[in-house]
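Q: See my_file.txt below, with compact mmCIF, C-alpha atoms.
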# COMPACT_ATOMS: atom_id res chain seq x y z
CA MET P 1 -50.58 -4.72 46.54
CA ASN P 2 -53.08 -5.25 49.38
CA LEU P 3 -56.78 -4.53 49.01
CA ASP P 4 -58.76 -2.72 51.70
CA PRO P 5 -60.20 -5.45 54.02
CA LYS P 6 -63.69 -3.95 53.73
CA LEU P 7 -63.58 -4.15 49.94
CA GLU P 8 -62.24 -7.70 50.07
CA SER P 9 -65.07 -8.65 52.42
CA LEU P 10 -67.54 -7.02 50.04
CA TYR P 11 -66.03 -8.96 47.13
CA ASN P 12 -66.43 -12.26 49.00
CA ARG P 13 -70.11 -11.47 49.67
CA LEU P 14 -70.73 -10.48 46.06
CA ILE P 15 -69.25 -13.69 44.70
CA GLU P 16 -71.34 -15.85 47.07
CA GLN P 17 -69.03 -18.82 46.79
CA GLU P 18 -67.52 -20.96 49.49
CA ASP P 19 -64.11 -20.24 48.04
CA ALA P 20 -64.03 -16.78 46.45
CA ARG P 21 -60.38 -17.34 45.52
CA VAL P 22 -61.14 -20.11 43.01
CA CYS P 23 -59.74 -19.00 39.65
CA LYS P 24 -60.77 -20.21 36.23
CA ASP P 25 -59.41 -19.21 32.81
CA ILE P 26 -56.79 -16.73 34.12
CA PRO P 27 -53.06 -17.13 34.91
CA ASP P 28 -52.34 -18.65 38.33
CA SER P 29 -50.09 -15.70 39.16
CA ALA P 30 -53.08 -13.34 38.82
CA CYS P 31 -55.33 -15.23 41.25
CA SER P 32 -54.36 -13.29 44.37
CA ASP P 33 -54.97 -9.97 42.59
CA VAL P 34 -58.53 -10.78 41.52
CA PRO P 35 -60.46 -8.83 44.22
CA GLN P 36 -58.57 -5.55 43.70
CA ASN P 37 -58.64 -5.91 39.93
CA PHE P 38 -62.37 -6.64 40.08
CA PHE P 39 -63.20 -3.41 41.90
CA ARG P 40 -60.76 -1.23 39.96
CA GLN P 41 -62.42 -2.26 36.72
CA VAL P 42 -65.86 -1.78 38.26
CA PHE P 43 -64.97 1.77 39.34
CA ALA P 44 -63.33 2.69 36.03
CA THR P 45 -66.24 1.31 33.99
CA THR P 46 -68.78 3.05 36.21
CA LEU P 47 -67.09 6.41 35.62
CA THR P 48 -66.90 6.01 31.84
CA SER P 49 -70.50 4.71 31.64
CA LEU P 50 -71.67 7.78 33.52
CA GLY P 51 -69.64 9.91 31.13
CA ASP P 52 -71.38 8.22 28.20
CA THR P 53 -74.73 9.23 29.70
CA LEU P 54 -73.66 12.84 30.17
CA THR P 55 -72.46 13.06 26.54
CA ASN P 56 -75.24 11.06 24.90
CA PRO P 57 -75.41 11.98 21.17
CA LYS P 58 -79.20 11.57 21.16
CA THR P 59 -79.65 14.22 23.85
CA THR P 60 -76.73 16.33 25.06
CA LEU P 61 -74.72 16.57 21.83
CA ALA P 62 -77.80 16.96 19.62
CA TRP P 63 -79.04 19.86 21.73
CA LEU P 64 -75.56 21.33 21.87
CA LEU P 65 -75.25 21.45 18.08
CA GLY P 66 -78.68 23.04 17.94
CA VAL P 67 -77.63 25.71 20.45
CA VAL P 68 -74.46 26.63 18.53
CA GLY P 69 -76.46 26.88 15.30
CA ALA P 70 -74.84 23.95 13.47
CA PRO P 71 -76.48 22.71 10.24
CA VAL P 72 -79.02 19.90 10.58
CA ALA P 73 -76.87 17.75 8.25
CA LEU P 74 -74.13 17.67 10.90
CA ILE P 75 -76.57 16.79 13.67
CA ALA P 76 -77.71 13.75 11.66
CA TRP P 77 -74.15 12.32 11.84
CA LEU P 78 -73.85 12.35 15.63
CA VAL P 79 -75.21 8.87 16.40
CA PRO P 80 -73.56 7.04 13.44
CA ILE P 81 -70.15 8.55 14.24
CA ARG P 82 -70.41 7.91 17.97
CA GLU P 83 -71.54 4.30 17.67
CA SER P 84 -69.95 3.08 14.44
CA GLY P 85 -66.77 5.15 14.64
CA SER P 86 -65.64 3.18 17.68
CA MET P 87 -66.47 -0.21 16.14
CA LEU P 88 -65.52 -0.23 12.46
CA PRO P 89 -61.73 0.37 12.91
CA GLN P 90 -61.33 -2.32 15.58
CA LEU P 91 -60.41 -4.93 13.01
CA PHE P 92 -57.28 -2.92 12.18
CA ILE P 93 -56.60 -1.74 15.74
CA ALA P 94 -56.56 -5.30 17.08
CA ALA P 95 -53.43 -6.31 15.13
CA ARG P 96 -51.47 -3.42 16.67
CA ILE P 97 -52.79 -4.14 20.18
CA ARG P 98 -51.71 -7.78 19.94
CA ARG P 99 -48.06 -6.66 19.97
CA TYR P 100 -48.32 -5.64 23.64
CA ALA P 101 -48.03 -8.25 26.38
CA ARG P 102 -49.83 -5.91 28.81
CA ARG P 103 -52.79 -4.04 27.37
CA LYS P 104 -54.10 -1.93 30.20
CA GLY P 105 -51.92 0.91 28.87
CA ILE P 106 -53.95 0.84 25.63
CA TRP P 107 -57.13 1.35 27.64
CA VAL P 108 -55.54 4.20 29.61
CA LEU P 109 -54.41 5.86 26.37
CA GLY P 110 -57.91 5.54 24.92
CA SER P 111 -59.44 7.02 28.07
CA LEU P 112 -57.06 10.00 28.05
CA LEU P 113 -57.77 10.65 24.36
CA GLN P 114 -61.51 10.60 25.07
CA ALA P 115 -61.02 13.11 27.90
CA ALA P 116 -58.97 15.39 25.64
CA ALA P 117 -61.59 15.17 22.88
CA LEU P 118 -64.37 16.18 25.28
CA VAL P 119 -62.39 19.15 26.63
CA ALA P 120 -61.74 20.31 23.06
CA MET P 121 -65.43 19.82 22.27
CA GLY P 122 -66.44 22.00 25.21
CA LEU P 123 -63.99 24.73 24.20
CA ALA P 124 -65.25 24.62 20.60
CA ALA P 125 -68.82 25.06 21.81
CA TRP P 126 -67.81 27.93 24.08
CA LEU P 127 -65.59 29.85 21.65
CA THR P 128 -67.20 29.29 18.22
CA GLU P 129 -70.64 29.04 16.66
CA GLY P 130 -72.49 28.01 13.53
CA THR P 131 -70.97 25.68 10.95
CA LEU P 132 -67.46 26.07 12.37
CA ALA P 133 -68.58 25.02 15.84
CA GLY P 134 -70.49 22.06 14.43
CA ALA P 135 -67.55 20.90 12.30
CA LEU P 136 -65.13 21.17 15.24
CA ILE P 137 -67.47 19.24 17.53
CA ILE P 138 -67.89 16.51 14.90
CA ALA P 139 -64.09 16.32 14.48
CA CYS P 140 -63.70 15.94 18.25
CA LEU P 141 -66.38 13.25 18.22
CA ILE P 142 -64.44 11.29 15.58
CA VAL P 143 -61.34 11.33 17.81
CA PHE P 144 -63.50 10.36 20.79
CA SER P 145 -65.05 7.41 18.93
CA LEU P 146 -61.73 6.07 17.66
CA ALA P 147 -60.30 6.26 21.18
CA ARG P 148 -63.39 4.46 22.44
CA GLY P 149 -62.51 1.62 20.08
CA LEU P 150 -59.07 1.30 21.70
CA CYS P 151 -60.70 0.88 25.10
CA SER P 152 -63.25 -1.62 23.82
CA VAL P 153 -60.67 -4.03 22.37
CA ALA P 154 -58.17 -3.68 25.22
CA SER P 155 -60.71 -3.98 28.05
CA LYS P 156 -62.01 -7.38 26.95
CA ASP P 157 -58.48 -8.80 26.99
CA VAL P 158 -57.61 -7.22 30.35
CA ILE P 159 -60.80 -8.60 31.88
CA GLY P 160 -60.02 -12.02 30.43
CA LYS P 161 -56.61 -12.02 32.14
CA THR P 162 -57.58 -10.49 35.49
CA VAL P 163 -61.13 -11.64 36.32
CA PRO P 164 -62.01 -15.38 36.24
CA LYS P 165 -64.99 -16.96 34.58
CA THR P 166 -68.09 -16.90 36.80
CA ARG P 167 -67.16 -13.36 37.97
CA ARG P 168 -67.17 -11.34 34.73
CA GLY P 169 -70.92 -11.02 34.42
CA ARG P 170 -71.25 -9.69 37.94
CA MET P 171 -68.42 -7.24 37.35
CA ASN P 172 -70.12 -5.83 34.23
CA GLY P 173 -73.51 -5.89 35.92
CA LEU P 174 -72.29 -4.09 39.04
CA ALA P 175 -70.63 -1.33 36.98
CA THR P 176 -73.78 -0.89 34.89
CA SER P 177 -75.94 -0.73 38.02
CA LEU P 178 -73.75 1.86 39.72
CA SER P 179 -73.60 4.06 36.62
CA GLY P 180 -77.35 3.62 36.25
CA TRP P 181 -77.98 5.00 39.74
CA LEU P 182 -75.75 7.99 39.01
CA ALA P 183 -77.46 8.54 35.66
CA LEU P 184 -80.79 8.36 37.47
CA GLY P 185 -79.66 11.27 39.64
CA PHE P 186 -78.76 13.26 36.53
CA GLY P 187 -82.17 12.49 35.02
CA LEU P 188 -83.94 13.66 38.19
CA TYR P 189 -81.89 16.87 38.13
CA CYS P 190 -82.94 17.57 34.53
CA LEU P 191 -86.54 16.73 35.44
CA ILE P 192 -86.65 19.12 38.42
CA TRP P 193 -84.24 21.86 37.26
CA PRO P 194 -84.17 21.69 33.46
CA PRO P 195 -81.43 23.88 31.94
CA ALA P 196 -82.32 26.55 29.43
CA ASP P 197 -81.89 25.48 25.82
CA ASP P 198 -79.36 28.28 25.23
CA ASP P 199 -77.37 27.82 28.45
CA MET P 200 -73.98 27.37 26.78
CA LEU P 201 -72.12 27.43 30.09
CA PHE P 202 -74.12 24.40 31.26
CA TYR P 203 -73.27 22.34 28.19
CA ALA P 204 -69.61 23.33 28.10
CA THR P 205 -69.24 22.59 31.81
CA LEU P 206 -71.02 19.26 31.34
CA LEU P 207 -68.56 18.18 28.63
CA ILE P 208 -65.51 19.17 30.66
CA ALA P 209 -66.93 17.46 33.78
CA ALA P 210 -67.44 14.30 31.71
CA ALA P 211 -63.81 14.54 30.55
CA MET P 212 -62.72 14.50 34.18
CA LEU P 213 -64.58 11.21 34.64
CA TRP P 214 -62.44 9.60 31.92
CA LEU P 215 -59.30 11.07 33.45
CA LEU P 216 -60.14 9.64 36.87
CA ALA P 217 -61.02 6.31 35.27
CA ALA P 218 -57.59 6.21 33.59
CA LEU P 219 -55.87 6.78 36.93
CA ILE P 220 -57.81 3.90 38.49
CA TYR P 221 -57.29 1.56 35.53
CA GLN P 222 -53.54 2.13 35.53
CA ARG P 223 -53.38 0.46 38.97
CA ILE P 224 -54.75 -2.87 37.68
CA GLU P 225 -52.30 -5.73 38.18
CA GLU P 226 -52.10 -7.35 34.73
CA ALA P 227 -49.96 -10.39 33.91
CA PRO P 228 -48.19 -10.48 30.51
CA GLY P 229 -50.13 -12.21 27.75
CA ALA P 230 -49.57 -13.62 24.27
CA THR P 231 -48.13 -11.26 21.66
CA ASP P 232 -48.33 -13.43 18.56
CA GLY P 233 -50.34 -12.24 15.56
CA GLY P 234 -49.26 -8.61 15.74
CA GLY P 235 -48.20 -8.26 12.12
CA ASN P 236 -49.42 -6.09 9.26
CA ALA P 237 -52.77 -4.57 10.24
CA ILE P 238 -54.43 -4.98 6.83
CA GLU P 239 -53.32 -8.60 6.43
CA LYS P 240 -54.32 -9.50 10.00
CA ALA P 241 -57.68 -7.78 9.60
CA TRP P 242 -58.44 -9.78 6.45
CA SER P 243 -57.22 -12.95 8.13
CA SER P 244 -59.39 -12.29 11.20
CA LEU P 245 -62.49 -11.99 9.02
CA SER P 246 -62.04 -15.67 8.17
CA LEU P 247 -63.42 -16.37 11.65
CA LEU P 248 -66.85 -15.61 10.24
CA ARG P 249 -66.41 -18.33 7.65
CA HIS P 250 -64.70 -21.06 9.65
CA ASP P 251 -65.84 -20.53 13.27
CA GLN P 252 -69.50 -21.52 13.28
CA PRO P 253 -70.27 -20.75 16.98
CA PHE P 254 -68.73 -17.29 16.63
CA ARG P 255 -70.56 -16.62 13.34
CA ARG P 256 -73.85 -17.60 14.94
CA PHE P 257 -73.12 -15.33 17.92
CA VAL P 258 -72.42 -12.34 15.63
CA ILE P 259 -75.66 -12.91 13.70
CA THR P 260 -77.55 -13.23 16.99
CA ARG P 261 -75.97 -10.05 18.32
CA ALA P 262 -76.92 -8.20 15.12
CA LEU P 263 -80.56 -9.30 15.46
CA LEU P 264 -80.58 -8.27 19.12
CA LEU P 265 -79.72 -4.70 18.15
CA CYS P 266 -83.50 -4.30 18.17
CA SER P 267 -83.40 -3.61 21.92
CA ALA P 268 -81.34 -0.48 21.23
CA LEU P 269 -82.82 0.55 17.89
CA SER P 270 -86.41 0.42 19.14
CA ALA P 271 -85.80 2.87 22.02
CA PRO P 272 -86.23 6.09 19.96
CA TYR P 273 -89.65 4.93 18.72
CA TYR P 274 -90.94 4.57 22.27
CA VAL P 275 -89.74 8.13 22.90
CA LEU P 276 -91.33 9.39 19.68
CA LEU P 277 -94.70 7.81 20.49
CA GLY P 278 -94.51 9.27 23.99
CA GLN P 279 -93.81 12.74 22.64
CA GLN P 280 -96.94 12.57 20.49
CA LEU P 281 -99.14 12.51 23.60
CA SER P 282 -100.40 15.98 24.52
CA THR P 283 -100.06 15.71 28.32
CA GLY P 284 -98.48 17.77 31.06
CA LEU P 285 -95.98 15.00 31.80
CA SER P 286 -92.34 16.01 31.25
CA MET P 287 -91.54 13.16 28.89
CA LEU P 288 -87.81 13.73 28.53
CA GLY P 289 -87.17 13.65 32.27
CA ALA P 290 -89.48 10.65 32.65
CA PHE P 291 -87.59 8.67 30.00
CA LEU P 292 -84.21 9.58 31.54
CA VAL P 293 -85.39 8.44 34.96
CA ALA P 294 -86.93 5.25 33.55
CA ASN P 295 -83.73 4.32 31.73
CA GLY P 296 -81.48 5.01 34.72
CA LEU P 297 -83.76 3.12 37.09
CA ALA P 298 -83.95 0.10 34.77
CA SER P 299 -80.16 -0.22 34.56
CA SER P 300 -79.73 0.31 38.28
CA LEU P 301 -82.20 -2.35 39.34
CA SER P 302 -81.50 -5.03 36.75
CA ALA P 303 -77.87 -4.97 35.60
CA TYR P 304 -76.31 -6.74 38.60
CA VAL P 305 -79.04 -9.40 38.55
CA TRP P 306 -78.40 -9.98 34.85
CA GLY P 307 -74.67 -10.12 35.60
CA SER P 308 -75.10 -12.79 38.25
CA LEU P 309 -77.27 -14.85 35.91
CA SER P 310 -74.72 -14.38 33.10
CA ASP P 311 -72.02 -15.99 35.20
CA ARG P 312 -74.20 -19.09 35.22
CA SER P 313 -75.38 -18.90 31.60
CA SER P 314 -74.91 -15.76 29.49
CA ARG P 315 -76.69 -17.58 26.67
CA GLN P 316 -79.87 -17.86 28.71
CA VAL P 317 -79.63 -14.21 29.73
CA MET P 318 -79.56 -13.18 26.07
CA ILE P 319 -82.55 -15.42 25.37
CA TYR P 320 -84.68 -14.12 28.26
CA ALA P 321 -83.80 -10.47 27.59
CA ALA P 322 -84.40 -10.80 23.84
CA PHE P 323 -87.84 -12.36 24.34
CA LEU P 324 -88.73 -9.59 26.81
CA ALA P 325 -87.69 -6.83 24.38
CA SER P 326 -89.36 -8.40 21.34
CA LEU P 327 -92.69 -9.22 23.01
CA LEU P 328 -92.92 -5.80 24.65
CA GLY P 329 -93.41 -3.93 21.36
CA PRO P 330 -96.61 -5.64 20.18
CA LEU P 331 -98.07 -5.47 23.69
CA VAL P 332 -97.43 -1.72 24.00
CA ILE P 333 -98.81 -0.98 20.52
CA ALA P 334 -101.95 -2.98 21.32
CA ILE P 335 -102.47 -1.01 24.55
CA HIS P 336 -101.66 2.28 22.77
CA LEU P 337 -104.36 1.64 20.16
CA TRP P 338 -106.92 0.60 22.77
CA ALA P 339 -109.39 3.50 22.64
CA ALA P 340 -110.80 2.79 26.11
CA LEU P 341 -107.48 3.42 27.87
CA PRO P 342 -107.88 6.45 30.21
CA ALA P 343 -105.76 9.47 29.23
CA SER P 344 -104.14 9.59 32.69
CA LEU P 345 -102.83 6.04 32.25
CA HIS P 346 -101.97 6.58 28.60
CA ALA P 347 -99.48 9.29 29.63
CA TRP P 348 -97.47 6.79 31.66
CA LEU P 349 -97.58 3.96 29.12
CA PHE P 350 -94.42 4.80 27.21
CA PRO P 351 -92.14 5.76 30.13
CA LEU P 352 -93.24 2.49 31.79
CA ALA P 353 -92.56 0.56 28.58
CA PHE P 354 -89.20 2.33 28.29
CA PHE P 355 -88.39 1.11 31.80
CA VAL P 356 -89.15 -2.49 30.82
CA LEU P 357 -87.17 -2.08 27.58
CA GLY P 358 -84.26 -0.72 29.62
CA ILE P 359 -84.30 -3.89 31.74
CA ALA P 360 -84.31 -6.04 28.60
CA HIS P 361 -81.56 -4.02 26.89
CA SER P 362 -79.42 -4.23 30.01
CA GLY P 363 -79.76 -8.02 29.89
CA VAL P 364 -78.83 -8.13 26.21
CA ARG P 365 -75.73 -5.99 26.79
CA VAL P 366 -74.48 -7.78 29.91
CA GLY P 367 -75.25 -11.20 28.42
CA ARG P 368 -73.46 -10.68 25.10
CA LYS P 369 -70.44 -9.02 26.77
CA THR P 370 -70.04 -11.95 29.15
CA TYR P 371 -70.64 -14.47 26.37
CA VAL P 372 -67.88 -13.14 24.09
CA LEU P 373 -65.47 -12.90 27.03
CA ASP P 374 -65.99 -16.56 27.91
CA MET P 375 -66.01 -17.92 24.35
CA ALA P 376 -62.22 -17.86 23.94
CA GLY P 377 -58.96 -16.83 25.56
CA GLY P 378 -55.74 -15.06 24.61
CA ASN P 379 -55.51 -13.33 21.25
CA LYS P 380 -58.55 -15.19 19.98
CA ARG P 381 -60.63 -13.15 22.41
CA THR P 382 -59.13 -9.97 20.93
CA ASP P 383 -60.04 -11.19 17.43
CA TYR P 384 -63.58 -12.06 18.48
CA VAL P 385 -64.15 -8.60 19.94
CA ALA P 386 -62.58 -6.76 16.99
CA VAL P 387 -64.35 -8.73 14.26
CA GLY P 388 -67.70 -8.72 16.05
CA ASN P 389 -67.64 -5.01 16.80
CA SER P 390 -66.51 -4.09 13.29
CA VAL P 391 -69.35 -6.07 11.73
CA ILE P 392 -71.88 -4.58 14.14
CA GLY P 393 -70.53 -1.10 13.40
CA LEU P 394 -71.10 -1.64 9.70
CA ILE P 395 -74.63 -2.88 10.37
CA LEU P 396 -75.34 0.16 12.53
CA LEU P 397 -74.38 2.43 9.64
CA ALA P 398 -76.75 0.50 7.39
CA THR P 399 -79.62 0.97 9.86
CA GLY P 400 -79.63 4.62 8.80
CA LEU P 401 -81.93 3.39 6.03
CA PHE P 402 -84.55 2.78 8.71
CA GLY P 403 -85.13 6.53 8.61
CA LEU P 404 -86.61 6.14 5.11
CA LEU P 405 -88.70 3.16 6.14
CA SER P 406 -90.08 4.85 9.25
CA SER P 407 -91.54 7.63 7.10
CA LEU P 408 -93.64 4.98 5.33
CA ILE P 409 -94.83 2.79 8.21
CA GLY P 410 -94.55 5.20 11.15
CA ALA P 411 -93.14 4.75 14.64
CA ALA P 412 -95.64 2.05 15.59
CA GLY P 413 -94.83 0.06 12.45
CA MET P 414 -91.10 0.33 13.10
CA LEU P 415 -91.60 -0.88 16.65
CA LEU P 416 -93.45 -3.96 15.40
CA LEU P 417 -90.80 -4.62 12.73
CA LEU P 418 -87.94 -4.38 15.21
CA SER P 419 -89.83 -6.62 17.64
CA GLY P 420 -90.06 -9.26 14.90
CA ILE P 421 -86.32 -8.98 14.25
CA GLY P 422 -85.63 -9.32 17.97
CA LEU P 423 -87.80 -12.43 18.14
CA LEU P 424 -85.63 -14.01 15.43
CA GLY P 425 -82.58 -13.13 17.52
CA ALA P 426 -84.08 -14.79 20.59
CA LEU P 427 -84.84 -17.96 18.61
CA LEU P 428 -81.32 -18.02 17.15
CA ALA P 429 -79.84 -17.55 20.63
CA LEU P 430 -81.48 -20.85 21.58
CA THR P 431 -79.04 -22.58 19.22
CA LEU P 432 -75.90 -21.01 20.71
CA PRO P 433 -73.59 -23.32 22.71
CA GLU P 434 -73.09 -22.79 26.42
CA VAL P 435 -69.73 -21.19 27.27
CA GLN P 436 -69.86 -21.06 31.09
CA SER P 437 -68.22 -24.34 32.05
Here is the file; what I need is its structure written in the form of structure tokens.
A:
Amino acid sequence: MNLDPKLESLYNRLIEQEDARVCKDIPDSACSDVPQNFFRQVFATTLTSLGDTLTNPKTTLAWLLGVVGAPVALIAWLVPIRESGSMLPQLFIAARIRRYARRKGIWVLGSLLQAAALVAMGLAAWLTEGTLAGALIIACLIVFSLARGLCSVASKDVIGKTVPKTRRGRMNGLATSLSGWLALGFGLYCLIWPPADDDMLFYATLLIAAAMLWLLAALIYQRIEEAPGATDGGGNAIEKAWSSLSLLRHDQPFRRFVITRALLLCSALSAPYYVLLGQQLSTGLSMLGAFLVANGLASSLSAYVWGSLSDRSSRQVMIYAAFLASLLGPLVIAIHLWAALPASLHAWLFPLAFFVLGIAHSGVRVGRKTYVLDMAGGNKRTDYVAVGNSVIGLILLATGLFGLLSSLIGAAGMLLLLSGIGLLGALLALTLPEVQS
């Protein structure tokens, strides 16, 4: 299948190598398909990343449950279900996925299931209300999260077979940058033309529009040229899951990576505390729109740069990004408590800090994704992704206890605590082996 000459020329410029056809760590038969596979995965990932922004549980879904009159207890489950629901089952999903020589179909299935779940969610919001609406939306979110887990496991293996080392970071970075620019547009729209809190048509339409993004992504992903891979290890899911957990005991580099990744969750977990501190300022600044714009702009400007650096050393990217995220917290708190800071500048402190945090978080995400992709090949890559994500999912559930701690030490205290945890992650990342070779 021939790629458009303009896209192939663009690919050659993006790679910035004398020989953009050099292949490393993929089957020889897949080498000629690399440019088209590169862009198809960029486009598909861009669409689903934009969809994730439109259906963010911290904003869109939380407001939606509030509009339909759902109980607060259901709203509290949105983030844990969305994030952990897609990670925890991956240990059991991986054994089933290993049975398939080509795994792009698993990703397509997961994308279609996510689209169907969002359509059902929009219909539930439109046709029902109260506890029933909330319960139906939560049920749809569970299906969505499980389907997201299918895509997560399958995508890492497809990337490993279709995009060579030294290109994967740029592929992830480019997709994150493109989705960031689109998300920035959505943030500007909400800043200039904010929807009414009770505009049910807006929210239902938003969910269905997001579903169309996953549908289009599935159509693009289906066209990826994927060579058959190993199918060994596809036995009983429970036995294989338990066996895979032994990686944490016997594979020291992987165990150290998982611990590092867990500590680097600080870049994501600290974000709400910047928002909370910003909301406490009594200014005329539209904080929500400012934070949305800051986050979208940070991803847009930094992700591709992080991706390019990750292709050289994803370990160093994690280190730099982790130090940036962990040192930012104490600096911002010190400025926040500085009484002489003019009120006009104080208003912009937290959106500006959120922008810097977004740059750091983008580096953490791109760096750790590239690192795990390049650590191993074949089914071992599938095991790494499944075990790592399942462990992180469990840790994310446990971080719900931070809600109790934050009531004791406040948002500023939590920000300092998470910064300290992130600093430990940065120091541990220094001990990780290099995998780009």
Q: Pick out the residues sitting within 10 Å of Ile421 (chain P), and hand them over as a list of chain:residue names; count only C-alpha atoms, and ignore anything fewer than 4 positions along from it in its own chain.
A: P:Ala262, P:Leu263, P:Leu264, P:Leu265, P:Cys266, P:Ser267, P:Ala322, P:Ser326, P:Leu415, P:Leu416, P:Leu417, P:Gly425, P:Ala426
Q: Give me a file of those residues, with C-alpha atoms, as a tab-separated table (two decimals), in the coordinates of the input.
A:
chain	number	residue	atom	x	y	z
P	262	ALA	CA	-76.92	-8.20	15.12
P	263	LEU	CA	-80.56	-9.30	15.46
P	264	LEU	CA	-80.58	-8.27	19.12
P	265	LEU	CA	-79.72	-4.70	18.15
P	266	CYS	CA	-83.50	-4.30	18.17
P	267	SER	CA	-83.40	-3.61	21.92
P	322	ALA	CA	-84.40	-10.80	23.84
P	326	SER	CA	-89.36	-8.40	21.34
P	415	LEU	CA	-91.60	-0.88	16.65
P	416	LEU	CA	-93.45	-3.96	15.40
P	417	LEU	CA	-90.80	-4.62	12.73
P	425	GLY	CA	-82.58	-13.13	17.52
P	426	ALA	CA	-84.08	-14.79	20.59
Q: To one decimal place, how far is CA of Ala117 (chain P) from CA of Val387 (chain P) in Å?
A: 25.6 Å
Q: In the coordinate frame of the file, compute which residues have an atom within 12 Å of (-84.5, -14.9, 20.1) when using only C-alpha atoms, and state them as a PyMOL selection string.
A: chain P and resi 257+259-267+315-327+364+419-432
Q: Measuring between only C-alpha atoms, which one of P:Phe254, P:Cys190, P:Trp348, P:Gly169 shows the shortest distance to Leu14 (chain P)?
A: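 Ranking P:Phe254, P:Cys190, P:Trp348, P:Gly169 by distance to Leu14 (chain P), first place goes to P:Gly169.
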Q: Enter the distance from CA of Ile106 (chain P) to CA of Thr48 (chain P), in Å, rounded to one decimal.
A: 15.3 Å
Q: Just to confirm, what's the straight-line distance from CA of Ala217 (chain P) to CA of Leu47 (chain P) in Å (one decimal)?
A: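 Taking CA of Ala217 (chain P) as the start and CA of Leu47 (chain P) as the end point, the length is 6.1 Å.
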Q: From (-58.8, 20.9, 31.1), in the file's coordinates, out to 12 Å: which residues are reached, counting all atoms listed in the file? Answer as a VMD selection string.
A: chain P and resid 112 115 to 123 204 to 205 207 to 215
Q: Hey, what's within 8 Å of Val143 (chain P) if we count only C-alpha atoms and toss same-chain stuff fewer than 4 positions away? As a ChimeraX atom specification, please?
A: /P:113-114,117,139,147
Q: Can you tell me, as a list in words, what residues are no more than 7 Å from Ser314 (chain P) when counting only C-alpha atoms, ignoring any on the same chain fewer than 2 positions away?
A: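 After dropping sequence-adjacent residues, the list is Leu309, Ser310, Asp311, Arg312, Gln316, Val317, Met318, Gly367, Arg368, Thr370 and Tyr371 of chain P.
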Q: Name all residues at most 12 Å from Phe186 (chain P) (count only C-alpha atoms; drop same-chain ones fewer than 5 positions away) and give them as number ranges by chain.
A: P: 50-51, 53-55, 179-181, 191-195, 206, 289-297
